[in-house]
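Chemist: A single structure is presented below for examination.
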Amino acid sequence: MEQTNVAKQWAGRGFSCAIWTDPPGRVWADFVHDADEIVMLIDGEIEVSFRGRTLHPQPGEEVLIPAGTSHTVRNIGKTTNHWYCGYRLARSE
């Protein structure tokens with residue numbers, strides 16, 4: 001689950017890839033993006049909520065958040081977490 005491997009795989013599917021690091025209790029509340037978003041936990045704990053669902057993905061598990069969907073991501077653990085985040089890239093015509 002190294003970033004270069006994830007970034008290559010996601011690029012092949014049309015997504016960017018960045019690493020986020022959040023301390024315990026960090027909440028990214030009610031975000032909406034114009035592009036589809038993928039979240040993948042690297043280590044620690046994470047909670048992803050959208051469309052009335054609350055998910056607790058395991059390391060390596062992807063969560064796809066559709067464009068235009070209000071969502072919240074939070075570190076529910078007692079340690080710092082690390083996770084990948086990517087957005088669908090616009091295709092140039």
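Please note that chains go A, B, ... in the order of the structure tokens, that every chain numbers its residues from 1, and that ligands are numbered from 1 in the order shown.
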Might you pull out every residue within 9 Å of Glu62 in chain A, with only C-alpha atoms counted and same-chain residues fewer than 2 positions away left off, and present them as a short mmCIF file (atom, residue, chain, number, x, y, z; two decimals) with C-alpha atoms, in the first residue's frame?
Modeler:
```
data_model
loop_
_atom_site.label_atom_id
_atom_site.label_comp_id
_atom_site.auth_asym_id
_atom_site.auth_seq_id
_atom_site.Cartn_x
_atom_site.Cartn_y
_atom_site.Cartn_z
CA ILE A 38 -11.67 8.24 -3.05
CA VAL A 39 -10.54 7.83 0.56
CA MET A 40 -8.28 4.94 1.67
CA LEU A 41 -7.03 4.47 5.22
CA PRO A 57 -12.95 1.33 6.53
CA GLN A 58 -10.00 -0.90 7.33
CA PRO A 59 -6.49 -0.09 6.04
CA GLY A 60 -6.39 -0.59 2.28
CA LEU A 64 -15.84 6.27 -3.08
#
```
Chemist: Mind checking DSSP for chain A and telling me the helix (DSSP H, G or I) residues as a VMD selection string?
Modeler: chain A and resid 3 to 12
Chemist: Please provide the set of residues having any atom within 9 Å of Lys78 in chain A, restricted to only C-alpha atoms, with same-chain residues fewer than 5 positions apart removed, written as an MDAnalysis selection string.
Modeler: chainID A and resid 23:25 44:45
Chemist: Select, from A:Ser70, A:Asn75, A:Thr80, A:Gln3, the residue with the minimum atom-to-atom distance to His33 in chain A, counting only C-alpha atoms.
Modeler: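 Distance minimum relative to His33 in chain A lands on A:Ser70.
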Chemist: Tell me, in Å to one decimal, how far CA of Gly12 in chain A is from CA of Ala67 in chain A.
Modeler: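 Computing the Euclidean distance for CA of Gly12 in chain A and CA of Ala67 in chain A yields 18.8 Å.
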Chemist: Between CA of Asn81 in chain A and CA of Ser16 in chain A, what is the distance, to one decimal in Å?
Modeler: 19.8 Å
Chemist: Within 9 Å of Ala29 in chain A, counting only C-alpha atoms, which residues show up once you throw out same-chain ones fewer than 6 positions away? Write them as a PyMOL selection string, please.
Modeler: chain A and resi 70-74
Chemist: Please report, as number ranges by chain, each residue of range 40-79 of chain A to which DSSP assigns strand (DSSP E or B) when run on this structure's backbone.
Modeler: A: 40-43, 47-50, 53-55, 62-65, 71-74
Chemist: Write to file, as a PDB file, in the first residue's frame, the residues of the selection just made, with N, CA and C atoms.
Modeler:
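Below is the file out.pdb, written as the result:
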```pdb
ATOM      1  N   MET A  40      -8.805   6.259   1.280  1.00  0.00           N
ATOM      2  CA  MET A  40      -8.281   4.943   1.668  1.00  0.00           C
ATOM      3  C   MET A  40      -7.420   5.110   2.919  1.00  0.00           C
ATOM      4  N   LEU A  41      -7.784   4.430   3.980  1.00  0.00           N
ATOM      5  CA  LEU A  41      -7.027   4.470   5.222  1.00  0.00           C
ATOM      6  C   LEU A  41      -5.703   3.730   5.060  1.00  0.00           C
ATOM      7  N   ILE A  42      -4.625   4.349   5.546  1.00  0.00           N
ATOM      8  CA  ILE A  42      -3.307   3.709   5.571  1.00  0.00           C
ATOM      9  C   ILE A  42      -3.096   3.061   6.939  1.00  0.00           C
ATOM     10  N   ASP A  43      -3.256   3.865   8.004  1.00  0.00           N
ATOM     11  CA  ASP A  43      -3.145   3.345   9.362  1.00  0.00           C
ATOM     12  C   ASP A  43      -3.936   4.227  10.314  1.00  0.00           C
ATOM     13  N   GLU A  47     -13.460   7.497  10.185  1.00  0.00           N
ATOM     14  CA  GLU A  47     -14.898   7.350   9.987  1.00  0.00           C
ATOM     15  C   GLU A  47     -15.286   8.250   8.831  1.00  0.00           C
ATOM     16  N   VAL A  48     -16.042   7.713   7.885  1.00  0.00           N
ATOM     17  CA  VAL A  48     -16.489   8.460   6.715  1.00  0.00           C
ATOM     18  C   VAL A  48     -18.014   8.383   6.684  1.00  0.00           C
ATOM     19  N   SER A  49     -18.665   9.552   6.693  1.00  0.00           N
ATOM     20  CA  SER A  49     -20.129   9.597   6.706  1.00  0.00           C
ATOM     21  C   SER A  49     -20.641  10.364   5.502  1.00  0.00           C
ATOM     22  N   PHE A  50     -21.628   9.779   4.807  1.00  0.00           N
ATOM     23  CA  PHE A  50     -22.304  10.461   3.706  1.00  0.00           C
ATOM     24  C   PHE A  50     -23.570   9.692   3.356  1.00  0.00           C
ATOM     25  N   ARG A  53     -25.065   7.153   5.706  1.00  0.00           N
ATOM     26  CA  ARG A  53     -24.266   5.982   6.078  1.00  0.00           C
ATOM     27  C   ARG A  53     -23.013   6.426   6.819  1.00  0.00           C
ATOM     28  N   THR A  54     -22.579   5.620   7.756  1.00  0.00           N
ATOM     29  CA  THR A  54     -21.318   5.856   8.453  1.00  0.00           C
ATOM     30  C   THR A  54     -20.463   4.611   8.285  1.00  0.00           C
ATOM     31  N   LEU A  55     -19.293   4.806   7.692  1.00  0.00           N
ATOM     32  CA  LEU A  55     -18.384   3.700   7.383  1.00  0.00           C
ATOM     33  C   LEU A  55     -17.117   3.798   8.228  1.00  0.00           C
ATOM     34  N   GLU A  62     -11.045   1.022   0.079  1.00  0.00           N
ATOM     35  CA  GLU A  62     -11.427   2.285  -0.555  1.00  0.00           C
ATOM     36  C   GLU A  62     -12.875   2.640  -0.256  1.00  0.00           C
ATOM     37  N   VAL A  63     -13.110   3.936  -0.101  1.00  0.00           N
ATOM     38  CA  VAL A  63     -14.466   4.473  -0.008  1.00  0.00           C
ATOM     39  C   VAL A  63     -14.597   5.496  -1.127  1.00  0.00           C
ATOM     40  N   LEU A  64     -15.589   5.321  -1.991  1.00  0.00           N
ATOM     41  CA  LEU A  64     -15.844   6.268  -3.078  1.00  0.00           C
ATOM     42  C   LEU A  64     -16.975   7.192  -2.661  1.00  0.00           C
ATOM     43  N   ILE A  65     -16.703   8.495  -2.678  1.00  0.00           N
ATOM     44  CA  ILE A  65     -17.698   9.513  -2.348  1.00  0.00           C
ATOM     45  C   ILE A  65     -18.067  10.210  -3.650  1.00  0.00           C
ATOM     46  N   HIS A  71     -20.162  15.209   2.820  1.00  0.00           N
ATOM     47  CA  HIS A  71     -19.542  14.125   3.570  1.00  0.00           C
ATOM     48  C   HIS A  71     -18.673  14.658   4.695  1.00  0.00           C
ATOM     49  N   THR A  72     -18.450  13.805   5.679  1.00  0.00           N
ATOM     50  CA  THR A  72     -17.613  14.138   6.825  1.00  0.00           C
ATOM     51  C   THR A  72     -16.608  13.009   7.028  1.00  0.00           C
ATOM     52  N   VAL A  73     -15.354  13.399   7.279  1.00  0.00           N
ATOM     53  CA  VAL A  73     -14.287  12.440   7.561  1.00  0.00           C
ATOM     54  C   VAL A  73     -13.711  12.807   8.919  1.00  0.00           C
ATOM     55  N   ARG A  74     -13.573  11.816   9.796  1.00  0.00           N
ATOM     56  CA  ARG A  74     -13.027  12.114  11.128  1.00  0.00           C
ATOM     57  C   ARG A  74     -12.091  11.010  11.596  1.00  0.00           C
TER      58      ARG A  74
END
```
